[in-house]
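Coordinates as given in protein_4.txt (compact mmCIF, C-alpha atoms):
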```
# COMPACT_ATOMS: atom_id res chain seq x y z
CA MET A 1 104.57 160.83 126.33
CA LYS A 2 106.08 158.03 124.37
CA ILE A 3 103.05 158.08 122.04
CA LEU A 4 103.45 161.84 121.58
CA GLY A 5 107.13 161.36 120.73
CA GLU A 6 106.24 158.67 118.16
CA LYS A 7 103.81 161.06 116.48
CA TYR A 8 106.54 163.68 116.14
CA ILE A 9 109.01 161.15 114.73
CA SER A 10 106.43 159.82 112.28
CA GLY A 11 105.67 163.40 111.24
CA ILE A 12 109.35 164.14 110.59
CA TYR A 13 109.80 161.10 108.37
CA ALA A 14 106.53 161.88 106.59
CA LYS A 15 107.77 165.40 105.79
CA VAL A 16 110.94 163.96 104.24
CA VAL A 17 108.86 161.59 102.10
CA ILE A 18 106.47 164.33 100.99
CA PHE A 19 109.38 166.61 100.10
CA SER A 20 110.92 163.80 98.03
CA MET A 21 107.58 163.18 96.32
CA ILE A 22 107.32 166.85 95.33
CA ILE A 23 110.84 166.69 93.81
CA HIS A 24 109.92 163.65 91.72
CA ILE A 25 106.70 165.29 90.55
CA SER A 26 108.76 168.25 89.33
CA TYR A 27 111.04 165.89 87.41
CA ILE A 28 108.06 164.26 85.68
CA PHE A 29 107.29 167.61 84.06
CA ILE A 30 110.94 168.53 83.43
CA PHE A 31 111.87 165.23 81.77
CA GLY A 32 108.56 165.17 79.88
CA PHE A 33 109.23 168.66 78.53
CA LEU A 34 112.75 167.57 77.48
CA SER A 35 111.35 164.38 75.89
CA LEU A 36 113.46 162.13 78.16
CA MET A 37 110.82 159.47 78.47
CA LEU A 38 112.58 156.77 80.53
CA PRO A 39 113.56 159.20 83.33
CA MET A 40 110.02 160.60 83.20
CA TYR A 41 108.47 157.14 83.59
CA TYR A 42 110.87 156.34 86.41
CA ASN A 43 109.79 159.47 88.31
CA ILE A 44 106.13 158.48 87.90
CA PHE A 45 107.09 155.18 89.54
CA SER A 46 108.92 157.12 92.28
CA VAL A 47 105.82 159.17 93.11
CA PHE A 48 103.81 155.98 93.69
CA PHE A 49 106.76 154.56 95.66
CA TYR A 50 106.74 157.50 98.06
CA ILE A 51 102.97 157.25 98.49
CA MET A 52 103.55 153.68 99.70
CA MET A 53 106.33 154.93 101.98
CA LEU A 54 103.84 157.29 103.65
CA PHE A 55 101.66 154.31 104.56
CA ALA A 56 104.73 152.39 105.79
CA ILE A 57 105.78 155.29 108.04
CA LYS A 58 102.24 155.67 109.35
CA LYS A 59 102.44 152.01 110.43
CA GLY A 60 105.75 152.67 112.17
CA PHE A 61 108.08 150.89 109.71
CA TYR A 62 110.78 153.55 110.03
CA ARG A 63 113.76 151.27 109.34
CA PHE A 64 112.16 149.94 106.18
CA GLY A 65 111.22 153.45 105.09
CA VAL A 66 114.69 154.97 105.56
CA THR A 67 116.39 151.98 103.88
CA ALA A 68 113.97 152.14 100.93
CA VAL A 69 114.56 155.89 100.49
CA HIS A 70 118.34 155.36 100.34
CA ALA A 71 117.82 152.64 97.73
CA GLU A 72 115.36 154.71 95.68
CA VAL A 73 117.61 157.77 95.52
CA SER A 74 120.53 155.61 94.38
CA LEU A 75 118.36 153.96 91.71
CA PHE A 76 117.00 157.38 90.64
CA VAL A 77 120.53 158.69 90.02
CA ILE A 78 121.57 155.52 88.16
CA VAL A 79 118.50 155.53 85.90
CA CYS A 80 118.79 159.21 85.07
CA THR A 81 122.54 158.96 84.41
CA LEU A 82 122.20 155.94 82.12
CA THR A 83 119.16 157.17 80.17
CA GLY A 84 120.14 160.55 78.80
CA ALA A 85 120.69 162.81 81.83
CA ALA A 86 124.42 162.26 82.28
CA GLY A 87 126.53 165.34 82.93
CA VAL A 88 123.81 167.40 84.66
CA ASN A 89 124.83 166.80 88.29
CA MET A 90 122.31 164.04 89.05
CA LYS A 91 125.09 162.48 91.17
CA MET A 92 124.77 165.33 93.67
CA TYR A 93 121.72 163.58 95.11
CA LEU A 94 124.05 160.81 96.29
CA LEU A 95 126.07 163.36 98.26
CA ALA A 96 122.88 164.81 99.75
CA ILE A 97 121.52 161.43 100.84
CA ALA A 98 124.96 160.30 102.08
CA SER A 99 125.04 163.25 104.49
CA LEU A 100 121.80 162.26 106.25
CA VAL A 101 123.42 159.99 108.83
CA TYR A 102 121.39 161.63 111.62
CA PHE A 103 118.22 159.90 110.38
CA CYS A 104 118.91 156.64 112.18
CA PRO A 105 115.97 154.46 113.25
CA TYR A 106 118.30 151.46 113.39
CA ARG A 107 119.58 149.63 116.46
CA HIS A 108 123.16 150.15 115.29
CA LYS A 109 124.26 153.72 114.58
CA SER A 110 126.80 152.48 112.05
CA ILE A 111 124.17 151.50 109.46
CA PRO A 112 123.59 155.02 108.01
CA TYR A 113 127.37 155.39 107.66
CA ILE A 114 127.50 152.13 105.71
CA PHE A 115 124.80 153.55 103.41
CA SER A 116 126.85 156.73 103.04
CA ILE A 117 130.02 154.85 102.10
CA ALA A 118 128.08 152.83 99.50
CA GLU A 119 126.59 156.00 98.03
CA ILE A 120 129.99 157.70 97.83
CA ILE A 121 131.39 154.64 96.03
CA LEU A 122 128.42 154.77 93.63
CA TYR A 123 129.14 158.48 93.08
CA VAL A 124 132.74 157.68 92.08
CA ILE A 125 131.60 154.90 89.72
CA LEU A 126 129.06 157.15 88.00
CA GLU A 127 131.61 159.96 87.75
CA LEU A 128 134.03 157.61 85.98
CA PHE A 129 131.21 156.42 83.74
CA GLU A 130 130.33 159.98 82.75
CA GLN A 131 133.98 160.84 82.07
CA PHE A 132 134.86 157.82 79.94
CA TYR A 133 131.71 156.12 78.64
CA ALA A 134 128.65 158.37 78.70
CA ALA A 135 127.54 160.12 75.56
CA ALA A 136 126.95 163.85 75.57
CA PRO A 137 123.58 164.84 77.11
CA ALA A 138 120.79 164.44 74.58
CA MET A 139 119.47 167.96 75.15
CA ARG A 140 120.21 171.55 74.28
CA ASP A 141 122.89 173.55 76.12
CA ALA A 142 120.27 175.73 77.78
CA ALA A 143 118.48 172.64 79.10
CA VAL A 144 121.75 171.23 80.44
CA ILE A 145 122.51 174.47 82.28
CA PHE A 146 118.96 174.62 83.63
CA LEU A 147 119.09 171.04 84.92
CA LYS A 148 122.49 171.57 86.52
CA LEU A 149 121.25 174.65 88.36
CA TYR A 150 117.94 173.02 89.25
CA ASN A 151 119.67 169.93 90.62
CA ALA A 152 122.05 172.06 92.67
CA CYS A 153 119.17 174.08 94.16
CA VAL A 154 117.14 170.97 94.96
CA VAL A 155 120.13 169.20 96.55
CA PHE A 156 120.92 172.20 98.76
CA GLY A 157 117.23 172.41 99.58
CA ILE A 158 117.26 168.75 100.66
CA MET A 159 120.23 169.42 102.93
CA LEU A 160 118.63 172.49 104.53
CA VAL A 161 115.25 170.83 105.05
CA SER A 162 116.87 167.68 106.43
CA ALA A 163 119.09 169.69 108.77
CA PHE A 164 116.02 171.56 110.06
CA LEU A 165 114.06 168.35 110.54
CA SER A 166 117.01 166.71 112.30
CA ASP A 167 117.07 169.61 114.77
CA VAL A 168 113.35 169.10 115.39
CA SER A 169 113.91 165.36 115.81
CA ALA A 170 116.77 165.98 118.25
CA ALA A 171 114.61 168.42 120.22
CA VAL A 172 111.79 165.87 120.44
CA THR A 173 114.25 163.19 121.55
CA ARG A 174 115.67 165.47 124.23
CA LYS A 175 112.18 166.34 125.45
CA ARG A 176 111.17 162.69 125.54
CA LEU A 177 114.32 161.76 127.47
CA THR A 178 113.71 164.67 129.85
CA ASP A 179 110.10 163.57 130.42
CA GLU A 180 111.22 159.97 130.97
CA ASN A 181 113.86 161.13 133.46
CA LYS A 182 111.25 163.20 135.27
CA ALA A 183 108.93 160.19 135.40
CA LEU A 184 111.73 157.98 136.77
CA THR A 185 112.63 160.65 139.33
CA LYS A 186 109.02 160.88 140.44
CA LEU A 187 108.84 157.10 140.65
CA ALA A 188 111.92 157.05 142.89
CA ASN A 189 110.91 160.02 145.03
CA TYR A 190 107.19 159.46 145.63
CA ASP A 191 104.98 156.61 146.74
CA GLN A 192 102.73 155.63 143.84
CA LEU A 193 99.66 154.90 145.96
CA THR A 194 99.55 157.89 148.29
CA GLY A 195 101.69 160.46 146.49
CA LEU A 196 103.71 160.95 149.68
CA GLN A 197 107.48 161.07 149.67
CA SER A 198 109.47 157.87 149.37
CA ARG A 199 111.94 156.85 152.05
CA TYR A 200 114.79 157.93 149.81
CA LEU A 201 113.50 161.47 149.27
CA PHE A 202 112.32 161.82 152.87
CA LEU A 203 115.68 160.90 154.41
CA LYS A 204 117.47 163.11 151.91
CA ARG A 205 115.31 166.11 152.79
CA VAL A 206 115.53 165.48 156.52
CA GLU A 207 119.32 165.28 156.25
CA THR A 208 119.31 168.59 154.38
CA ASN A 209 117.13 170.27 157.03
CA LYS A 210 118.71 168.75 160.13
CA GLU A 211 120.42 172.03 161.09
CA LYS A 212 117.13 173.89 161.50
CA TYR A 213 116.54 175.17 165.02
CA ALA A 214 113.58 172.87 165.68
CA MET A 215 112.71 169.44 164.31
CA THR A 216 109.92 167.19 165.44
CA VAL A 217 109.65 163.63 164.21
CA CYS A 218 106.24 161.99 164.28
CA ILE A 219 105.29 158.52 163.10
CA GLY A 220 101.67 157.49 162.72
CA ASP A 221 100.20 154.03 162.21
CA ILE A 222 96.64 153.19 161.16
CA ASP A 223 95.03 151.17 163.91
CA ASP A 224 93.92 147.63 163.07
CA PHE A 225 94.75 148.08 159.39
CA LYS A 226 94.92 144.32 158.84
CA VAL A 227 91.36 144.04 160.10
CA ILE A 228 90.30 146.76 157.66
CA ASN A 229 91.88 144.86 154.75
CA ASP A 230 90.45 141.52 155.87
CA THR A 231 86.97 142.95 156.43
CA TYR A 232 86.54 145.29 153.49
CA GLY A 233 89.26 144.20 151.07
CA HIS A 234 92.62 145.59 150.02
CA ILE A 235 91.08 148.08 147.58
CA TYR A 236 89.26 149.68 150.49
CA GLY A 237 92.49 149.61 152.50
CA ASP A 238 94.25 151.45 149.66
CA TYR A 239 91.47 154.02 149.67
CA VAL A 240 91.95 154.57 153.41
CA LEU A 241 95.68 155.12 152.93
CA GLN A 242 95.09 157.58 150.10
CA LYS A 243 92.48 159.54 152.06
CA ILE A 244 94.64 159.75 155.21
CA ALA A 245 97.59 160.94 153.11
CA GLU A 246 95.31 163.61 151.62
CA ILE A 247 94.15 164.73 155.06
CA MET A 248 97.72 164.93 156.38
CA ARG A 249 98.90 166.96 153.38
CA GLY A 250 96.02 169.36 153.98
CA PHE A 251 97.02 169.78 157.63
CA PHE A 252 100.63 170.58 156.87
CA GLU A 253 100.51 172.13 153.40
CA SER A 254 101.34 175.59 154.80
CA GLU A 255 103.99 174.29 157.21
CA LYS A 256 107.65 173.39 156.74
CA ALA A 257 107.11 169.64 156.83
CA ASP A 258 108.01 166.43 155.03
CA ILE A 259 105.54 163.53 154.91
CA CYS A 260 106.56 160.01 153.91
CA ARG A 261 104.88 156.66 153.57
CA TRP A 262 107.39 154.82 155.70
CA GLY A 263 106.05 151.36 155.02
CA GLY A 264 102.69 149.58 154.90
CA GLU A 265 100.26 151.67 156.93
CA GLU A 266 102.94 153.78 158.66
CA ILE A 267 103.31 157.45 157.78
CA LEU A 268 106.32 159.44 158.92
CA LEU A 269 106.33 163.19 159.39
CA THR A 270 108.98 165.78 160.22
CA VAL A 271 108.12 169.38 161.03
CA TYR A 272 110.73 172.15 161.11
CA ASP A 273 111.02 175.55 162.81
CA ILE A 274 107.82 175.17 164.84
CA PRO A 275 107.79 174.80 168.65
CA PHE A 276 107.19 171.26 169.81
CA GLU A 277 103.94 172.02 171.66
CA GLU A 278 102.46 173.66 168.56
CA VAL A 279 103.30 170.56 166.55
CA TYR A 280 101.74 168.37 169.25
CA ASP A 281 98.51 170.38 169.13
CA LYS A 282 98.48 170.03 165.35
CA ILE A 283 99.00 166.25 165.51
CA GLU A 284 96.33 165.92 168.18
CA GLN A 285 93.92 167.84 165.96
CA LEU A 286 94.90 165.59 163.03
CA ARG A 287 94.27 162.46 165.10
CA LYS A 288 90.84 163.75 166.08
CA THR A 289 89.95 164.71 162.50
CA ILE A 290 90.84 161.23 161.23
CA SER A 291 88.89 159.48 163.99
CA GLU A 292 85.77 161.54 163.21
CA TYR A 293 86.00 161.20 159.44
CA ASP A 294 83.60 158.89 157.62
CA PHE A 295 85.67 156.77 155.24
CA CYS A 296 83.26 155.86 152.46
CA TYR A 297 84.11 153.87 149.34
CA GLU A 298 81.75 151.90 147.10
CA ASN A 299 78.90 151.84 149.63
CA VAL A 300 81.24 150.83 152.46
CA THR A 301 81.57 153.33 155.31
CA SER A 302 83.76 152.90 158.35
CA LYS A 303 85.64 154.74 161.06
CA VAL A 304 89.42 154.65 161.18
CA THR A 305 91.83 155.77 163.89
CA MET A 306 95.57 156.38 164.04
CA THR A 307 98.15 156.23 166.80
CA PHE A 308 101.11 158.62 166.79
CA GLY A 309 104.49 158.73 168.44
CA MET A 310 106.26 162.12 168.60
CA TYR A 311 109.85 162.89 169.43
CA GLN A 312 111.73 166.18 169.59
CA ARG A 313 115.19 166.26 168.10
CA ASN A 314 118.31 166.34 170.15
CA ALA A 315 120.82 168.30 168.07
CA GLU A 316 123.40 165.50 168.19
CA GLU A 317 121.09 162.62 167.29
CA LYS A 318 121.09 160.94 163.90
CA VAL A 319 117.90 161.02 161.88
CA ILE A 320 117.46 157.25 161.95
CA ASP A 321 117.75 157.32 165.77
CA LEU A 322 114.99 159.93 165.94
CA ILE A 323 112.73 157.71 163.87
CA GLU A 324 113.43 154.66 166.04
CA LYS A 325 112.61 156.62 169.23
CA ALA A 326 109.41 158.00 167.72
CA ASP A 327 108.52 154.45 166.71
CA ARG A 328 108.96 153.24 170.29
CA LEU A 329 106.61 155.99 171.47
CA LEU A 330 104.13 154.84 168.82
CA TYR A 331 104.34 151.31 170.21
CA LYS A 332 103.57 152.65 173.68
CA GLY A 333 100.49 154.33 172.24
CA LYS A 334 99.36 151.00 170.79
CA THR A 335 99.67 149.34 174.17
CA LYS A 336 97.68 152.19 175.78
CA GLY A 337 94.63 151.45 173.66
CA LYS A 338 95.45 153.14 170.34
CA ASN A 339 94.01 156.36 168.88
CA VAL A 340 96.38 158.47 170.96
CA VAL A 341 99.38 160.75 170.51
CA VAL A 342 102.37 159.84 172.68
CA LYS A 343 105.03 162.53 172.89
CA LYS A 344 108.41 163.08 174.46
CA GLU A 345 109.95 166.52 174.47
CA LEU A 346 113.67 166.84 175.01
CA SER A 347 115.59 169.83 176.29
CA ARG A 348 117.68 171.37 173.54
```

Mind turning the file's structure into structure tokens?
Amino acid sequence: MKILGEKYISGIYAKVVIFSMIIHISYIFIFGFLSLMLPMYYNIFSVFFYIMMLFAIKKGFYRFGVTAVHAEVSLFVIVCTLTGAAGVNMKMYLLAIASLVYFCPYRHKSIPYIFSIAEIILYVILELFEQFYAAAPAMRDAAVIFLKLYNACVVFGIMLVSAFLSDVSAAVTRKRLTDENKALTKLANYDQLTGLQSRYLFLKRVETNKEKYAMTVCIGDIDDFKVINDTYGHIYGDYVLQKIAEIMRGFFESEKADICRWGGEEILLTVYDIPFEEVYDKIEQLRKTISEYDFCYENVTSKVTMTFGMYQRNAEEKVIDLIEKADRLLYKGKTKGKNVVVKKELSR
């Protein structure tokens, strides 16, 4: 998702550059038609400049690109003002670029505001220059009016396009943050190997459902898991855990149940609103299914068994106490020879 977000950001900056390039191309023809050669030559330079900026943005040099655009616009206004285009609102581009503080690829959010202050100061200096030192525009009245109107339209166009693109950029940023938050939430709530619930999510859900009329806590442990790892390797052991988690989810996918990888090879299960004996039959069937399943990974096939301890909730007991009692029943099953389900039903 981060890569996708970067593509959107790169696309936004590229659109700004392309829009600026189109503006400069239009000025090549306008200044050429008005025989203002120095501004025309400058705009030819600007077109090549923005072509280079496209390559810079494609490489991810966003800070360089935004800084260079601020500098180029300022230079564009200065050149045009000093070479025959004074008095036709060229300074308005400084106001347009000064307003784009929301394009901020910098580490410090204050940098675009510093650019804006500098551009406003430059605007004041050029305004004073035009009032006291600049000669009258070297063009006909009709051309002056045309350029004033054209500049105004282009500047407002820049503001509208930039505002639209900033909304798109903000939307992409929000989506990326949302996706990152979802990824972090999933990381916190689910075991990365098995996809089962984490302890945190499991205990939270059990606490939420503790008032249901029936709750059975069951903890299962893979028998001789250390031997499996030592014999076939930890990758095979991971495969066994993943496959058992898959089998357990399949058994209880239609039931009101929470399944958690409690730690190592232990899997914890709570089932709600189902009579204890029905849950016991289900766990016994699960135990049998696992013991009969052929675990096969990379030409290695083996049999695996699990031992389970089951405990029925007493309405006044804390969740952690239920788990500890189920764990003691599991231990009894280990001492009885493993591959068994040991239960204890309490009167409600």

| request: Check the smallest atom-to-atom distance from each of A:Gly60, A:Phe55, A:Ile244, A:Leu122 to Leu75 of chain A using all atoms listed in the file, then report the winner. | output: A:Leu122

| query | By how many Å are atom CA of Ala214 of chain A and atom CA of Glu316 of chain A apart? | reply |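 Atom CA of Ala214 of chain A sits 12.5 Å away from atom CA of Glu316 of chain A.
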
Set the distance at 9 Å and use only C-alpha atoms: which residues neighbour Asp221 of chain A once local chain neighbours fewer than 5 positions away are removed? I'd like the list as a PDB file with C-alpha atoms, in the coordinates of the input.
```pdb
ATOM      1  CA  GLY A 264     102.690 149.580 154.900  1.00  0.00           C
ATOM      2  CA  GLU A 265     100.260 151.670 156.930  1.00  0.00           C
ATOM      3  CA  GLU A 266     102.940 153.780 158.660  1.00  0.00           C
ATOM      4  CA  ILE A 267     103.310 157.450 157.780  1.00  0.00           C
ATOM      5  CA  LEU A 268     106.320 159.440 158.920  1.00  0.00           C
ATOM      6  CA  THR A 305      91.830 155.770 163.890  1.00  0.00           C
ATOM      7  CA  MET A 306      95.570 156.380 164.040  1.00  0.00           C
ATOM      8  CA  THR A 307      98.150 156.230 166.800  1.00  0.00           C
ATOM      9  CA  PHE A 308     101.110 158.620 166.790  1.00  0.00           C
ATOM     10  CA  GLY A 309     104.490 158.730 168.440  1.00  0.00           C
ATOM     11  CA  LEU A 330     104.130 154.840 168.820  1.00  0.00           C
TER      12      LEU A 330
END
```

| said: Taking all atoms listed in the file into account, name the residue in A:Arg261, A:Lys204, A:Lys243, A:Arg249 that is nearest to Val319 of chain A. | reply: A:Lys204

| field | Spatial neighbours of Tyr123 of chain A, 8 Å, only C-alpha atoms, chain gap at least 5 places, as a PyMOL selection string | value | chain A and resi 91+94-95

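Proximity of A:Met248, A:Val217, A:Ile25, A:Ile114 to Asp327 of chain A, computed with all atoms listed in the file, is greatest for A:Val217.
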
| request: For Phe45 of chain A, work out the shell of residues within 10 Å, counting all atoms listed in the file and skipping chain neighbours fewer than 6 positions away, then give it as a list in words. | output: His24, Ile28 and Pro39 of chain A

| request: Go ahead and compute the interatomic distance for atom CA of Met215 of chain A and atom CA of Val271 of chain A, in Å to one decimal. | output: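 Separating atom CA of Met215 of chain A from atom CA of Val271 of chain A is a distance of 5.6 Å.
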
Emit a file covering segment 77-134 of chain A of the preceding structure with C-alpha atoms, as a short mmCIF file (atom, residue, chain, number, x, y, z; two decimals), in the first residue's frame.
```cif
data_model
loop_
_atom_site.label_atom_id
_atom_site.label_comp_id
_atom_site.auth_asym_id
_atom_site.auth_seq_id
_atom_site.Cartn_x
_atom_site.Cartn_y
_atom_site.Cartn_z
CA VAL A 77 7.93 36.83 -12.57
CA ILE A 78 11.18 38.76 -12.09
CA VAL A 79 12.36 38.19 -15.68
CA CYS A 80 9.01 39.12 -17.20
CA THR A 81 8.67 42.23 -15.01
CA LEU A 82 12.17 43.49 -15.80
CA THR A 83 12.10 42.77 -19.54
CA GLY A 84 9.04 44.55 -20.87
CA ALA A 85 6.04 42.88 -19.21
CA ALA A 86 5.70 45.19 -16.20
CA GLY A 87 2.20 46.33 -15.32
CA VAL A 88 0.36 43.26 -16.67
CA ASN A 89 -0.19 41.40 -13.39
CA MET A 90 2.74 38.98 -13.71
CA LYS A 91 3.14 39.39 -9.92
CA MET A 92 -0.13 37.51 -9.39
CA TYR A 93 1.78 34.27 -9.95
CA LEU A 94 3.64 34.98 -6.70
CA LEU A 95 0.33 35.12 -4.84
CA ALA A 96 -0.78 31.86 -6.47
CA ILE A 97 2.43 30.00 -5.60
CA ALA A 98 2.49 31.52 -2.09
CA SER A 99 -0.92 29.99 -1.37
CA LEU A 100 0.22 26.41 -2.09
CA VAL A 101 1.40 25.65 1.44
CA TYR A 102 -0.43 22.31 1.40
CA PHE A 103 2.15 20.88 -1.03
CA CYS A 104 4.64 19.98 1.68
CA PRO A 105 7.03 17.06 1.08
CA TYR A 106 9.38 18.50 3.71
CA ARG A 107 10.08 17.17 7.20
CA HIS A 108 9.16 20.55 8.68
CA LYS A 109 5.74 21.96 7.83
CA SER A 110 7.04 25.50 8.26
CA ILE A 111 9.14 25.43 5.07
CA PRO A 112 6.29 26.18 2.60
CA TYR A 113 5.27 29.10 4.81
CA ILE A 114 8.83 30.45 4.64
CA PHE A 115 8.59 30.22 0.83
CA SER A 116 5.26 32.05 0.97
CA ILE A 117 6.65 34.89 3.09
CA ALA A 118 9.59 35.27 0.70
CA GLU A 119 7.25 35.37 -2.30
CA ILE A 120 5.01 37.98 -0.67
CA ILE A 121 8.08 40.13 0.06
CA LEU A 122 9.15 39.73 -3.58
CA TYR A 123 5.64 40.76 -4.64
CA VAL A 124 5.92 43.98 -2.61
CA ILE A 125 9.38 44.74 -4.06
CA LEU A 126 8.18 44.24 -7.64
CA GLU A 127 5.07 46.33 -6.97
CA LEU A 128 7.25 49.20 -5.76
CA PHE A 129 9.51 48.74 -8.77
CA GLU A 130 6.56 48.95 -11.16
CA GLN A 131 5.19 52.05 -9.41
CA PHE A 132 8.40 54.06 -9.27
CA TYR A 133 10.97 52.68 -11.72
CA ALA A 134 9.43 50.55 -14.47
#
```
